[in-house]
Every structure is written in structure tokens, then in C-alpha cells.
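Q: Sending over target07.pdb (PDB, C-alpha atoms and all ligand atoms).
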ATOM      1  CA  MET A   1      20.656  -3.968  -4.833
ATOM      2  CA  THR A   2      18.443  -5.198  -7.687
ATOM      3  CA  ILE A   3      15.612  -7.471  -6.643
ATOM      4  CA  GLU A   4      13.002  -9.489  -8.474
ATOM      5  CA  PHE A   5       9.288  -9.124  -7.686
ATOM      6  CA  LEU A   6       6.766 -11.465  -9.334
ATOM      7  CA  GLY A   7       9.101 -11.949 -12.283
ATOM      8  CA  LYS A   8       9.936  -8.272 -12.712
ATOM      9  CA  PRO A   9      13.457  -7.012 -12.006
ATOM     10  CA  LEU A  10      13.501  -3.861  -9.842
ATOM     11  CA  LYS A  11      16.444  -1.529  -9.188
ATOM     12  CA  ASN A  12      15.938  -1.714  -5.406
ATOM     13  CA  PRO A  13      13.218  -2.840  -2.909
ATOM     14  CA  ILE A  14      11.570   0.610  -2.473
ATOM     15  CA  VAL A  15       7.886   1.157  -3.375
ATOM     16  CA  LEU A  16       5.787   4.352  -3.275
ATOM     17  CA  ALA A  17       2.634   3.682  -1.182
ATOM     18  CA  SER A  18      -0.812   4.338  -2.659
ATOM     19  CA  GLY A  19      -2.549   7.679  -2.144
ATOM     20  CA  ILE A  20       0.485   9.685  -1.150
ATOM     21  CA  LEU A  21       1.325  11.516  -4.387
ATOM     22  CA  GLY A  22      -1.689  11.042  -6.672
ATOM     23  CA  ASN A  23      -1.811   9.701 -10.219
ATOM     24  CA  SER A  24      -0.091  12.148 -12.537
ATOM     25  CA  ARG A  25       2.724  10.771 -14.678
ATOM     26  CA  ASP A  26       4.975  13.753 -13.899
ATOM     27  CA  ILE A  27       4.988  13.172 -10.161
ATOM     28  CA  LEU A  28       5.146   9.365 -10.388
ATOM     29  CA  GLU A  29       8.098   9.625 -12.783
ATOM     30  CA  ARG A  30       9.837  12.095 -10.464
ATOM     31  CA  VAL A  31       9.455   9.624  -7.605
ATOM     32  CA  TYR A  32      11.026   6.923  -9.788
ATOM     33  CA  MET A  33      13.889   9.244 -10.728
ATOM     34  CA  ASN A  34      14.333   9.946  -6.997
ATOM     35  CA  GLY A  35      15.224   6.356  -6.189
ATOM     36  CA  CYS A  36      11.850   4.584  -5.962
ATOM     37  CA  ALA A  37      11.776   1.269  -7.871
ATOM     38  CA  LEU A  38       8.010   0.697  -8.110
ATOM     39  CA  VAL A  39       5.280   3.328  -7.833
ATOM     40  CA  THR A  40       1.682   2.836  -6.712
ATOM     41  CA  MET A  41      -1.165   5.019  -7.970
ATOM     42  CA  LYS A  42      -3.853   6.404  -5.692
ATOM     43  CA  SER A  43      -6.758   3.957  -5.345
ATOM     44  CA  ILE A  44      -9.213   4.196  -8.243
ATOM     45  CA  GLY A  45     -12.894   3.696  -7.436
ATOM     46  CA  PRO A  46     -16.107   2.943  -9.309
ATOM     47  CA  GLU A  47     -17.668   6.435  -9.151
ATOM     48  CA  PRO A  48     -16.445  10.025  -9.033
ATOM     49  CA  ARG A  49     -16.032  10.859  -5.332
ATOM     50  CA  ASP A  50     -14.987  14.142  -3.711
ATOM     51  CA  GLY A  51     -13.739  12.557  -0.509
ATOM     52  CA  HIS A  52     -14.316  14.091   2.928
ATOM     53  CA  LYS A  53     -14.366  17.778   3.854
ATOM     54  CA  ASN A  54     -11.237  19.539   5.129
ATOM     55  CA  PRO A  55      -9.354  19.205   7.344
ATOM     56  CA  THR A  56      -8.528  15.714   6.087
ATOM     57  CA  VAL A  57      -4.872  15.230   7.085
ATOM     58  CA  ILE A  58      -3.140  16.280  10.312
ATOM     59  CA  ASP A  59       0.534  15.840  11.097
ATOM     60  CA  LEU A  60       0.930  14.714  14.709
ATOM     61  CA  GLY A  61       4.721  14.804  14.557
ATOM     62  CA  HIS A  62       5.137  11.101  15.309
ATOM     63  CA  GLY A  63       2.829  10.234  12.422
ATOM     64  CA  MET A  64      -0.303  11.428  10.662
ATOM     65  CA  ILE A  65      -4.039  10.954  10.949
ATOM     66  CA  ASN A  66      -6.099  11.192   7.769
ATOM     67  CA  ALA A  67      -9.646  10.875   6.571
ATOM     68  CA  VAL A  68      -9.327  11.847   2.926
ATOM     69  CA  GLY A  69     -12.246   9.504   2.141
ATOM     70  CA  LEU A  70     -10.859   7.885  -1.034
ATOM     71  CA  PRO A  71     -11.454  10.775  -3.438
ATOM     72  CA  SER A  72     -11.433   9.423  -7.004
ATOM     73  CA  PRO A  73     -12.367  10.734 -10.442
ATOM     74  CA  GLY A  74     -14.015   7.333 -11.030
ATOM     75  CA  TYR A  75     -12.427   4.660 -13.205
ATOM     76  CA  LEU A  76     -14.098   5.831 -16.410
ATOM     77  CA  ASN A  77     -12.800   9.399 -16.096
ATOM     78  CA  MET A  78      -9.057   8.862 -16.211
ATOM     79  CA  GLU A  79      -8.298   8.692 -19.944
ATOM     80  CA  ASN A  80      -5.768  11.555 -19.787
ATOM     81  CA  GLU A  81      -3.878   9.896 -16.937
ATOM     82  CA  TRP A  82      -3.792   6.512 -18.738
ATOM     83  CA  LEU A  83      -2.692   8.150 -21.988
ATOM     84  CA  ALA A  84       0.157   9.884 -20.171
ATOM     85  CA  LEU A  85       1.167   6.600 -18.523
ATOM     86  CA  GLU A  86       1.473   4.717 -21.832
ATOM     87  CA  ASN A  87       5.150   4.192 -22.780
ATOM     88  CA  ARG A  88       6.240   5.014 -19.237
ATOM     89  CA  SER A  89       9.781   4.167 -18.220
ATOM     90  CA  PHE A  90       8.933   2.898 -14.718
ATOM     91  CA  PRO A  91       7.038  -0.053 -13.215
ATOM     92  CA  LEU A  92       3.542   0.803 -12.002
ATOM     93  CA  ILE A  93       1.003  -0.618  -9.557
ATOM     94  CA  ALA A  94      -2.597   0.521 -10.143
ATOM     95  CA  SER A  95      -4.629   0.446  -6.934
ATOM     96  CA  ILE A  96      -8.373  -0.141  -7.042
ATOM     97  CA  TYR A  97     -11.346  -0.264  -4.659
ATOM     98  CA  GLY A  98     -15.089  -0.848  -4.804
ATOM     99  CA  GLY A  99     -18.117  -0.963  -2.531
ATOM    100  CA  SER A 100     -19.218  -4.440  -3.624
ATOM    101  CA  VAL A 101     -17.668  -7.512  -5.264
ATOM    102  CA  HIS A 102     -19.254  -6.482  -8.557
ATOM    103  CA  GLU A 103     -17.784  -2.963  -8.362
ATOM    104  CA  TYR A 104     -14.315  -4.317  -7.558
ATOM    105  CA  GLN A 105     -14.547  -6.593 -10.598
ATOM    106  CA  MET A 106     -15.760  -3.838 -12.901
ATOM    107  CA  VAL A 107     -12.977  -1.439 -11.911
ATOM    108  CA  ALA A 108     -10.300  -4.163 -11.938
ATOM    109  CA  GLU A 109     -11.205  -5.434 -15.409
ATOM    110  CA  TYR A 110     -11.106  -1.943 -16.878
ATOM    111  CA  VAL A 111      -7.891  -0.921 -15.124
ATOM    112  CA  SER A 112      -6.233  -4.190 -16.190
ATOM    113  CA  SER A 113      -6.929  -3.268 -19.831
ATOM    114  CA  LYS A 114      -4.713  -0.180 -19.289
ATOM    115  CA  GLN A 115      -1.768  -2.512 -18.662
ATOM    116  CA  PRO A 116      -0.257  -1.452 -15.363
ATOM    117  CA  ASP A 117       2.503  -3.872 -14.302
ATOM    118  CA  PHE A 118       0.489  -4.958 -11.240
ATOM    119  CA  ILE A 119      -2.955  -4.358  -9.766
ATOM    120  CA  GLU A 120      -3.336  -3.790  -6.043
ATOM    121  CA  ILE A 121      -6.739  -4.409  -4.554
ATOM    122  CA  ASN A 122      -7.399  -2.191  -1.550
ATOM    123  CA  ILE A 123      -9.678  -4.333   0.628
ATOM    124  CA  SER A 124      -9.818  -1.905   3.505
ATOM    125  CA  CYS A 125     -12.989  -0.145   2.311
ATOM    126  CA  PRO A 126     -16.504  -0.489   3.698
ATOM    127  CA  ASN A 127     -18.447  -3.320   2.108
ATOM    128  CA  SER A 128     -21.888  -1.964   1.264
ATOM    129  CA  GLU A 129     -23.277  -5.450   0.704
ATOM    130  CA  LYS A 130     -22.402  -6.384   4.261
ATOM    131  CA  HIS A 131     -23.641  -3.266   6.053
ATOM    132  CA  GLY A 132     -20.482  -1.214   6.089
ATOM    133  CA  MET A 133     -18.157  -3.970   7.242
ATOM    134  CA  ILE A 134     -14.680  -3.861   5.773
ATOM    135  CA  PHE A 135     -13.941  -6.655   3.238
ATOM    136  CA  GLY A 136     -10.476  -7.307   4.575
ATOM    137  CA  VAL A 137     -11.376  -8.088   8.192
ATOM    138  CA  ASN A 138     -13.217 -11.271   7.296
ATOM    139  CA  PRO A 139     -11.604 -14.241   5.490
ATOM    140  CA  VAL A 140     -14.836 -15.191   3.706
ATOM    141  CA  SER A 141     -15.486 -11.760   2.147
ATOM    142  CA  THR A 142     -11.743 -11.417   1.460
ATOM    143  CA  HIS A 143     -11.715 -14.704  -0.468
ATOM    144  CA  GLU A 144     -14.858 -13.719  -2.351
ATOM    145  CA  VAL A 145     -13.559 -10.360  -3.563
ATOM    146  CA  VAL A 146      -9.975 -11.485  -4.314
ATOM    147  CA  SER A 147     -11.075 -14.524  -6.345
ATOM    148  CA  ALA A 148     -13.634 -12.431  -8.270
ATOM    149  CA  VAL A 149     -10.972  -9.843  -9.167
ATOM    150  CA  LYS A 150      -8.358 -12.500  -9.991
ATOM    151  CA  LYS A 151     -10.705 -13.886 -12.674
ATOM    152  CA  VAL A 152     -10.784 -10.598 -14.618
ATOM    153  CA  VAL A 153      -7.230  -9.229 -14.412
ATOM    154  CA  GLN A 154      -4.390  -9.966 -16.839
ATOM    155  CA  VAL A 155      -1.543  -8.805 -14.574
ATOM    156  CA  PRO A 156      -0.306 -10.086 -11.174
ATOM    157  CA  LEU A 157      -2.635  -9.213  -8.290
ATOM    158  CA  ILE A 158      -1.509  -7.754  -4.960
ATOM    159  CA  ALA A 159      -3.942  -7.717  -2.010
ATOM    160  CA  LYS A 160      -3.506  -4.768   0.368
ATOM    161  CA  LEU A 161      -4.537  -5.655   3.893
ATOM    162  CA  THR A 162      -5.815  -3.698   6.865
ATOM    163  CA  PRO A 163      -4.283  -4.081  10.348
ATOM    164  CA  GLN A 164      -7.846  -3.988  11.702
ATOM    165  CA  ALA A 165      -8.224  -7.697  10.908
ATOM    166  CA  PRO A 166      -8.306  -9.697  14.151
ATOM    167  CA  ASP A 167      -6.025 -12.338  12.559
ATOM    168  CA  ILE A 168      -4.146 -10.889   9.584
ATOM    169  CA  GLY A 169      -2.438 -14.230   8.876
ATOM    170  CA  GLU A 170      -5.859 -15.782   8.287
ATOM    171  CA  ILE A 171      -6.762 -12.956   5.872
ATOM    172  CA  ALA A 172      -3.466 -13.431   4.002
ATOM    173  CA  ARG A 173      -4.238 -17.172   3.693
ATOM    174  CA  ALA A 174      -7.662 -16.347   2.239
ATOM    175  CA  CYS A 175      -5.922 -14.098  -0.329
ATOM    176  CA  GLU A 176      -3.435 -16.853  -1.203
ATOM    177  CA  ASP A 177      -6.232 -19.437  -1.586
ATOM    178  CA  ALA A 178      -8.155 -16.978  -3.788
ATOM    179  CA  GLY A 179      -5.212 -16.610  -6.182
ATOM    180  CA  ALA A 180      -3.504 -13.389  -5.054
ATOM    181  CA  ASP A 181       0.107 -13.176  -6.213
ATOM    182  CA  ALA A 182       1.425 -10.943  -3.410
ATOM    183  CA  ILE A 183       0.378  -9.194  -0.208
ATOM    184  CA  CYS A 184       0.843  -5.520   0.695
ATOM    185  CA  ALA A 185       0.576  -4.660   4.403
ATOM    186  CA  ILE A 186      -0.416  -2.429   6.025
ATOM    187  CA  ASN A 187      -2.987   0.198   5.199
ATOM    188  CA  THR A 188      -3.546   2.899   7.830
ATOM    189  CA  ALA A 189      -4.134   1.751  11.427
ATOM    190  CA  GLY A 190      -6.889   2.726  13.826
ATOM    191  CA  PRO A 191      -9.156   4.484  13.293
ATOM    192  CA  GLY A 192      -8.027   7.172  15.719
ATOM    193  CA  MET A 193      -9.302  10.576  16.791
ATOM    194  CA  VAL A 194      -7.750  13.889  17.792
ATOM    195  CA  ILE A 195      -9.716  16.458  19.818
ATOM    196  CA  ASP A 196      -8.865  20.153  20.017
ATOM    197  CA  ILE A 197      -9.361  20.803  23.727
ATOM    198  CA  GLU A 198      -9.971  24.554  23.289
ATOM    199  CA  SER A 199     -12.879  24.160  20.851
ATOM    200  CA  ARG A 200     -13.782  20.775  22.423
ATOM    201  CA  GLN A 201     -14.239  19.392  18.901
ATOM    202  CA  PRO A 202     -12.640  16.565  16.917
ATOM    203  CA  VAL A 203     -10.070  18.172  14.607
ATOM    204  CA  LEU A 204     -10.799  16.119  11.476
ATOM    205  CA  ALA A 205     -14.021  17.115   9.696
ATOM    206  CA  PHE A 206     -14.824  13.376   9.439
ATOM    207  CA  LYS A 207     -13.942  13.096  13.164
ATOM    208  CA  LYS A 208     -12.074   9.746  12.889
ATOM    209  CA  GLY A 209      -9.158   8.854  10.652
ATOM    210  CA  GLY A 210      -6.457   6.323   9.796
ATOM    211  CA  LEU A 211      -3.031   6.524  11.421
ATOM    212  CA  SER A 212       0.209   6.350   9.476
ATOM    213  CA  GLY A 213       3.883   7.193   9.895
ATOM    214  CA  PRO A 214       6.404   6.245  12.619
ATOM    215  CA  MET A 215       3.794   5.623  15.351
ATOM    216  CA  ILE A 216       2.340   2.630  13.465
ATOM    217  CA  LYS A 217       5.636   0.916  12.583
ATOM    218  CA  PRO A 218       5.426  -1.712  15.379
ATOM    219  CA  ILE A 219       1.929  -2.678  14.156
ATOM    220  CA  ALA A 220       3.220  -2.979  10.573
ATOM    221  CA  VAL A 221       6.179  -5.102  11.665
ATOM    222  CA  ARG A 222       3.889  -7.422  13.646
ATOM    223  CA  CYS A 223       1.472  -7.752  10.705
ATOM    224  CA  VAL A 224       4.248  -8.580   8.215
ATOM    225  CA  PHE A 225       5.678 -11.087  10.724
ATOM    226  CA  ASP A 226       2.268 -12.834  11.002
ATOM    227  CA  ILE A 227       1.707 -12.816   7.221
ATOM    228  CA  PHE A 228       5.175 -14.258   6.516
ATOM    229  CA  GLN A 229       4.358 -17.117   8.866
ATOM    230  CA  ALA A 230       0.960 -17.738   7.238
ATOM    231  CA  VAL A 231       1.690 -17.662   3.483
ATOM    232  CA  LYS A 232       4.377 -18.184   0.849
ATOM    233  CA  LEU A 233       3.475 -15.033  -1.131
ATOM    234  CA  PRO A 234       5.950 -12.148  -1.433
ATOM    235  CA  ILE A 235       5.094  -9.225   0.868
ATOM    236  CA  ILE A 236       5.338  -5.467   0.355
ATOM    237  CA  GLY A 237       5.838  -4.258   3.947
ATOM    238  CA  LEU A 238       4.889  -0.704   4.859
ATOM    239  CA  GLY A 239       3.663   1.422   7.738
ATOM    240  CA  GLY A 240       5.945   4.018   9.290
ATOM    241  CA  ILE A 241       9.049   3.145   7.276
ATOM    242  CA  THR A 242      11.150   6.324   7.368
ATOM    243  CA  THR A 243      14.803   5.224   7.448
ATOM    244  CA  GLY A 244      16.981   2.421   6.117
ATOM    245  CA  LYS A 245      16.990   0.807   9.564
ATOM    246  CA  ASP A 246      13.156   0.792   9.600
ATOM    247  CA  ALA A 247      13.290  -0.932   6.212
ATOM    248  CA  ILE A 248      15.782  -3.539   7.459
ATOM    249  CA  GLU A 249      13.454  -4.227  10.420
ATOM    250  CA  ILE A 250      10.366  -4.918   8.281
ATOM    251  CA  ILE A 251      12.462  -7.025   5.868
ATOM    252  CA  MET A 252      13.581  -9.095   8.887
ATOM    253  CA  ALA A 253       9.864  -9.572   9.679
ATOM    254  CA  GLY A 254       9.467 -11.014   6.172
ATOM    255  CA  ALA A 255       8.963  -8.195   3.635
ATOM    256  CA  ARG A 256      10.430  -8.593   0.145
ATOM    257  CA  LEU A 257       9.757  -4.972  -0.837
ATOM    258  CA  VAL A 258       9.347  -1.923   1.417
ATOM    259  CA  GLY A 259       6.667   0.758   0.933
ATOM    260  CA  ILE A 260       7.075   4.412   1.824
ATOM    261  CA  GLY A 261       4.163   6.816   2.326
ATOM    262  CA  SER A 262       4.093   9.347   5.155
ATOM    263  CA  ALA A 263       7.904   9.574   5.232
ATOM    264  CA  VAL A 264       7.706  11.731   2.098
ATOM    265  CA  ARG A 265       6.385  14.442   4.423
ATOM    266  CA  TYR A 266       9.164  13.941   6.972
ATOM    267  CA  ARG A 267      12.169  13.531   4.655
ATOM    268  CA  GLY A 268      11.098  15.028   1.313
ATOM    269  CA  LEU A 269      10.695  13.603  -2.164
ATOM    270  CA  ASP A 270      14.205  12.160  -2.180
ATOM    271  CA  VAL A 271      13.347   9.924   0.818
ATOM    272  CA  PHE A 272      13.290   6.968  -1.616
ATOM    273  CA  GLN A 273      16.944   7.307  -2.615
ATOM    274  CA  LYS A 274      17.925   8.105   0.986
ATOM    275  CA  VAL A 275      16.292   4.918   2.316
ATOM    276  CA  ALA A 276      17.697   2.812  -0.556
ATOM    277  CA  ASP A 277      21.209   4.160   0.190
ATOM    278  CA  GLU A 278      20.786   3.574   3.929
ATOM    279  CA  ILE A 279      19.689  -0.036   3.352
ATOM    280  CA  HIS A 280      22.689  -0.582   1.071
ATOM    281  CA  GLN A 281      25.063   0.937   3.620
ATOM    282  CA  TRP A 282      23.676  -1.200   6.461
ATOM    283  CA  LEU A 283      24.006  -4.361   4.358
ATOM    284  CA  VAL A 284      27.634  -3.519   3.472
ATOM    285  CA  GLU A 285      28.486  -2.707   7.112
ATOM    286  CA  HIS A 286      27.013  -6.022   8.224
ATOM    287  CA  ASN A 287      28.493  -7.969   5.315
ATOM    288  CA  THR A 288      25.093  -9.388   4.335
ATOM    289  CA  CYS A 289      22.410  -9.131   1.632
ATOM    290  CA  LEU A 290      18.615  -8.827   1.326
ATOM    291  CA  ASP A 291      18.094 -12.565   0.734
ATOM    292  CA  ASP A 292      20.018 -13.290   3.896
ATOM    293  CA  ILE A 293      18.037 -11.012   6.225
ATOM    294  CA  ARG A 294      14.526 -11.531   4.819
ATOM    295  CA  GLY A 295      12.475 -13.207   7.548
ATOM    296  CA  ALA A 296      15.540 -13.388   9.843
ATOM    297  CA  ALA A 297      13.406 -12.589  12.910
ATOM    298  CA  HIS A 298      11.575 -15.894  12.409
ATOM    299  CA  ARG A 299      14.757 -17.930  12.376
ATOM    300  CA  SER A 300      16.002 -16.441  15.633
ATOM    301  CA  ILE A 301      13.005 -17.733  17.591
ATOM    302  CA  GLY A 302      13.318 -20.788  19.793
TER     303      GLY A 302
HETATM  304  C1  LIG B 401      -3.155  10.902   2.904
HETATM  305  C2  LIG B 401      -3.144   9.413   2.695
HETATM  306  C3  LIG B 401      -3.886   8.867   1.640
HETATM  307  C4  LIG B 401      -3.881   7.476   1.424
HETATM  308  N1  LIG B 401      -4.607   6.962   0.374
HETATM  309  C5  LIG B 401      -4.573   5.617   0.136
HETATM  310  C6  LIG B 401      -5.255   5.059  -0.983
HETATM  311  O1  LIG B 401      -5.855   5.751  -1.810
HETATM  312  N2  LIG B 401      -5.217   3.705  -1.131
HETATM  313  C7  LIG B 401      -4.528   2.876  -0.273
HETATM  314  O2  LIG B 401      -4.520   1.660  -0.476
HETATM  315  N3  LIG B 401      -3.847   3.389   0.782
HETATM  316  C8  LIG B 401      -3.860   4.734   0.997
HETATM  317  N4  LIG B 401      -3.160   5.248   2.063
HETATM  318  C9  LIG B 401      -2.394   4.348   2.943
HETATM  319  C10 LIG B 401      -0.914   4.283   2.554
HETATM  320  O3  LIG B 401      -0.757   3.769   1.236
HETATM  321  C11 LIG B 401      -0.122   3.406   3.544
HETATM  322  O4  LIG B 401      -0.624   2.081   3.501
HETATM  323  C12 LIG B 401      -0.209   3.909   4.980
HETATM  324  O5  LIG B 401      -0.135   5.333   5.014
HETATM  325  C13 LIG B 401       0.924   3.341   5.850
HETATM  326  O6  LIG B 401       2.185   3.677   5.322
HETATM  327  P1  LIG B 401       3.054   4.952   5.841
HETATM  328  O7  LIG B 401       3.093   4.877   7.341
HETATM  329  O8  LIG B 401       4.389   4.796   5.187
HETATM  330  O9  LIG B 401       2.326   6.183   5.374
HETATM  331  C14 LIG B 401      -3.142   6.634   2.298
HETATM  332  C15 LIG B 401      -2.393   7.193   3.336
HETATM  333  C16 LIG B 401      -2.379   8.563   3.557
HETATM  334  C17 LIG B 401      -1.552   9.142   4.681
END
Please express the file's structure as C-alpha cells.
Ligand SMILES: Cc1cc2nc3c(=O)[nH]c(=O)nc-3n(C[C@H](O)[C@H](O)[C@H](O)COP(=O)(O)O)c2cc1C
A:
Amino acid sequence: MTIEFLGKPLKNPIVLASGILGNSRDILERVYMNGCALVTMKSIGPEPRDGHKNPTVIDLGHGMINAVGLPSPGYLNMENEWLALENRSFPLIASIYGGSVHEYQMVAEYVSSKQPDFIEINISCPNSEKHGMIFGVNPVSTHEVVSAVKKVVQVPLIAKLTPQAPDIGEIARACEDAGADAICAINTAGPGMVIDIESRQPVLAFKKGGLSGPMIKPIAVRCVFDIFQAVKLPIIGLGGITTGKDAIEIIMAGARLVGIGSAVRYRGLDVFQKVADEIHQWLVEHNTCLDDIRGAAHRSIG
């Protein structure tokens, strides 16, 4: 089930989502050995940041709500991690974020010098220059930040989009126009809130948080469907993918690769191999292949 992504051959279409298992080589390598073809690091930011107070993640059974608050050691304080990642045996996406176009550029240029295989730009963070608005909900700020980052990176650039955009196809087009090489969708949905009715208080310390896991899969499938219609770029589809059949569904919406995040909690660290095997089995049973089913839901319309 090998597949090519931006010129790189991968053993299967499975990607580890950003922020799920951190940045240490040991864990990222274990994920690769457990059937994942391409691993994404946790988003790296401009400054050291502790993130929000606990509780930050709650399992709701049908998915999770989190407000971890992008904790990061800061891009200049990761020498040990980069050293460990030199001579790695697996393909790597480094994820970055900033609070302004300048910060995004600074972090991206530095991280690019560490030679990950790809850089993913997380444009779902508040934009301090525009009064807390999120970069990725507006095509103008999206274009501005993606084109600025594209100028300073030496590896292919993936733009990770938020489902909060009113028209995600329009945002994907802005990324394509700005020179992005691929799209990753979606980041967490919401924000949502959970209230403990006995204490009458929101359960998360930060009160509101992003939703992930099975409950957001229909949103992810819709977003990938809209992006596939809007642009020619390859798409990493994620959001609630837990089984091989979920993966087949998002591939039929248009995804080339499939990301897995919250499902690690529901099916363990070998979820990657399980989903890869389930995709393979489904394809064999239906006498078809990935190229044949990618975007199939578009062809069946009208
Ligand atoms: C605890 C947690 C931390 C996350 N941290 C990041 C992050 O640092 N950067 C990022 O781009 N996405 C982050 N995400 C979003 C995931 O990468 C993914 O887009 C989202 O969870 C949807 O996929 P899933 O339903 O398979 O989890 C995080 C998600 C969770 C649950």
C-alpha cells in the first residue's frame, strides 16, 4: 500500500497528527515502528510557553475536548530534540506556530534549517496583530502568513486548517495561491464547553476547548470534501479517524493521506498498524485501490 506524498515514497497513507505524542525521538520512532508512515511533531512556537492549567484534556467517550494551550519549549530551546532526530529512519513533519507573521517566519526559517522532511504551519492560532482573530479563518491573513513562510523554508510546506473558517475551500485556495504544497485538515473543532452540573463550573480550567475524536468526523469529512473541490493540492485528512472504514470515508472525500490523533487513546499505540491493515483489507475485499477511491464521493454526485 505504498503511496507517494510530495515526491516522498511512504509505506502507507497513515500520519500521526500533531500534538498527540510530543517531540521525543523515542516515541516518534515507536509510532513509526507501529505502522505509521509519517509522523508530525507537536507544534513549535516562538517563545517558551507552559500552556493552560489542568485539567486540559477530558475524554467524553465519543471524543475529547482539550485546551492544552500550545505548550512549547520555544523554538530556540530544542537542540537536544533536533540532535536526537538527526539520522532518523522515518519521515518527519515539523509543525510550527506564531502570534504574528514575523514570528511564524522566524520559527519556520529556524526549523527548516533542522531539515525535517516537511513543515506544517498551524494557522489555527490567535493572530495578535489582528486582535486575537485566528489567521486561518480569513483568506487575506492566511495568504499573508503562508506566503511569508513559504519564502523562508527549504522543504515542502503543508498548511493545517481550522474547521472554524466559514468557507474552508476559500482558505485552501488562499494557501494554494500563496505557494503551499499540501493541506492538512482539520485541527480541533469548536470551541466547545463541558459543565460539571454538581459544582456548576466548566470542567476545563480554560473553560473552552477544541473537540477531537469520533464526534468531529462528519465535520472533517465535509471540510476535506470542500477542499478537494477547491484546490489541486494533496490533502492530509484527519479528525475522528479511528478505523480503516473511517479512513476510507475521508479518502473518498478527497484525502491522499489520513491523520490519526485521538484514536491513539481509544485503540492504543498500535492503532496505526490496525488502521493500515483495515484499509488494506477493505481495498482487497472491494477489489480496488487508493487511487481508485480517492475523491470517489465527488464523482458519484449528479
Ligand atoms: C491534546 C491535543 C493536542 C493537540 N496539539 C496540537 C498541536 O500542537 N498542533 C496542531 O496543529 N494540532 C494539535 N492538535 C490537533 C490534532 O493534531 C488534530 O488535528 C485533531 O485532534 C483532530 O484529529 P483527531 O480527531 O484524530 O484527534 C491537538 C489535539 C489534541 C487532542
Q: In terms of the shortest atom-to-atom distance over all atoms listed in the file, which of A:Leu238, A:Val149, A:Cys184, A:Ala178 is closest to ligand LIG 401 (chain B)?
A: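 Nearest to ligand LIG 401 (chain B): A:Leu238.
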Q: I want to know what sits within 12 Å of A:Phe135, based on all atoms listed in the file, with residues of the same chain fewer than 3 positions away left out; could you give that as a VMD selection string?
A: chain A and resid 97 to 101 104 121 to 132 138 to 146 159 to 162 164 to 165 171 174 to 175
Q: Give the answer as one residue: which of A:Tyr32, A:Trp82, A:Tyr266, A:Phe228 has the shortest atom-to-atom distance to ligand LIG 401 (chain B), using all atoms listed in the file?
A: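 Of A:Tyr32, A:Trp82, A:Tyr266, A:Phe228, the one nearest ligand LIG 401 (chain B) is A:Tyr266, counting all atoms listed in the file.
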Q: List as a list of chain:residue names the protein and nucleic acid residues near stretch 280-296 of chain A, meaning an atom at most 10 Å away when only C-alpha atoms are counted, but skip any in the same chain fewer than 3 places from it.
A: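 Once the adjacent positions are removed, what remains is A:Met1, A:Thr2, A:Ile3, A:Asn12, A:Pro13, A:Val224, A:Phe225, A:Phe228, A:Gln229, A:Gly244, A:Lys245, A:Ile248, A:Glu249, A:Ile250, A:Ile251, A:Met252, A:Ala253, A:Gly254, A:Ala255, A:Arg256, A:Leu257, A:Lys274, A:Val275, A:Ala276, A:Asp277, A:Arg299, A:Ser300, A:Ile301.
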Q: Next, the residues of the selection above should be written as a short mmCIF file (atom, residue, chain, number, x, y, z; two decimals), keeping the file's coordinate frame with C-alpha atoms.
A:
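File selection_34.cif, as written:
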data_model
loop_
_atom_site.label_atom_id
_atom_site.label_comp_id
_atom_site.auth_asym_id
_atom_site.auth_seq_id
_atom_site.Cartn_x
_atom_site.Cartn_y
_atom_site.Cartn_z
CA MET A 1 20.66 -3.97 -4.83
CA THR A 2 18.44 -5.20 -7.69
CA ILE A 3 15.61 -7.47 -6.64
CA ASN A 12 15.94 -1.71 -5.41
CA PRO A 13 13.22 -2.84 -2.91
CA VAL A 224 4.25 -8.58 8.22
CA PHE A 225 5.68 -11.09 10.72
CA PHE A 228 5.18 -14.26 6.52
CA GLN A 229 4.36 -17.12 8.87
CA GLY A 244 16.98 2.42 6.12
CA LYS A 245 16.99 0.81 9.56
CA ILE A 248 15.78 -3.54 7.46
CA GLU A 249 13.45 -4.23 10.42
CA ILE A 250 10.37 -4.92 8.28
CA ILE A 251 12.46 -7.02 5.87
CA MET A 252 13.58 -9.10 8.89
CA ALA A 253 9.86 -9.57 9.68
CA GLY A 254 9.47 -11.01 6.17
CA ALA A 255 8.96 -8.20 3.64
CA ARG A 256 10.43 -8.59 0.14
CA LEU A 257 9.76 -4.97 -0.84
CA LYS A 274 17.92 8.10 0.99
CA VAL A 275 16.29 4.92 2.32
CA ALA A 276 17.70 2.81 -0.56
CA ASP A 277 21.21 4.16 0.19
CA ARG A 299 14.76 -17.93 12.38
CA SER A 300 16.00 -16.44 15.63
CA ILE A 301 13.00 -17.73 17.59
#
Q: Give the residues close to ligand LIG 401 (chain B), within 6 Å, counting all atoms listed in the file; write them as a list in words.
A: Ala17, Ser18, Gly19, Ile20, Lys42, Ser43, Asn66, Leu70, Asn122, Ile186, Asn187, Thr188, Ser212, Gly213, Leu238, Gly239, Gly240, Ile241, Ile260, Gly261, Ser262 and Ala263 of chain A
Q: Between A:Ser112, A:Pro71, A:Ile27, A:Pro55, which residue has the minimum interatomic distance to A:Ala84, considering only C-alpha atoms?
A: A:Ile27
Q: Applied to the shown file, which residues does the PyMOL selection byres (((chain A and resi 114) around 12) and not hetatm) return, written as a PyMOL selection string?
A: chain A and resi 75-76+78-87+92-94+107-113+115-119+153-155
Q: For A:Gly259, which residue out of A:Ala185, A:Ile96, A:Ile227, A:Val152 is the nearest one, using only C-alpha atoms?
A: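 Answer, going by the shortest atom-to-atom distance: A:Ala185.
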Q: Write out as a VMD selection string the residues lying within 7 Å of A:Phe272, counting only C-alpha atoms and excluding same-chain residues fewer than 6 positions away.
A: chain A and resid 14 34 to 36
Q: Residues near A:Met193, anyone? I mean within 7 Å using only C-alpha atoms, not counting same-chain ones fewer than 5 positions away, as a list in words.
A: Pro202, Lys207, Lys208 and Gly209 of chain A
Q: From the options A:Gly136, A:Pro91, A:Pro9, A:Gly179, which residue's atoms come nearest to A:Leu38, counting all atoms listed in the file?
A: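 The answer is A:Pro91, which sits nearest to A:Leu38.
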Q: With only C-alpha atoms as the basis for distance, which of A:Ile134, A:Asn77, A:Lys232, A:Leu28 is at the shortest distance from A:Pro48?
A: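 Using only C-alpha atoms, the shortest distance to A:Pro48 belongs to A:Asn77.
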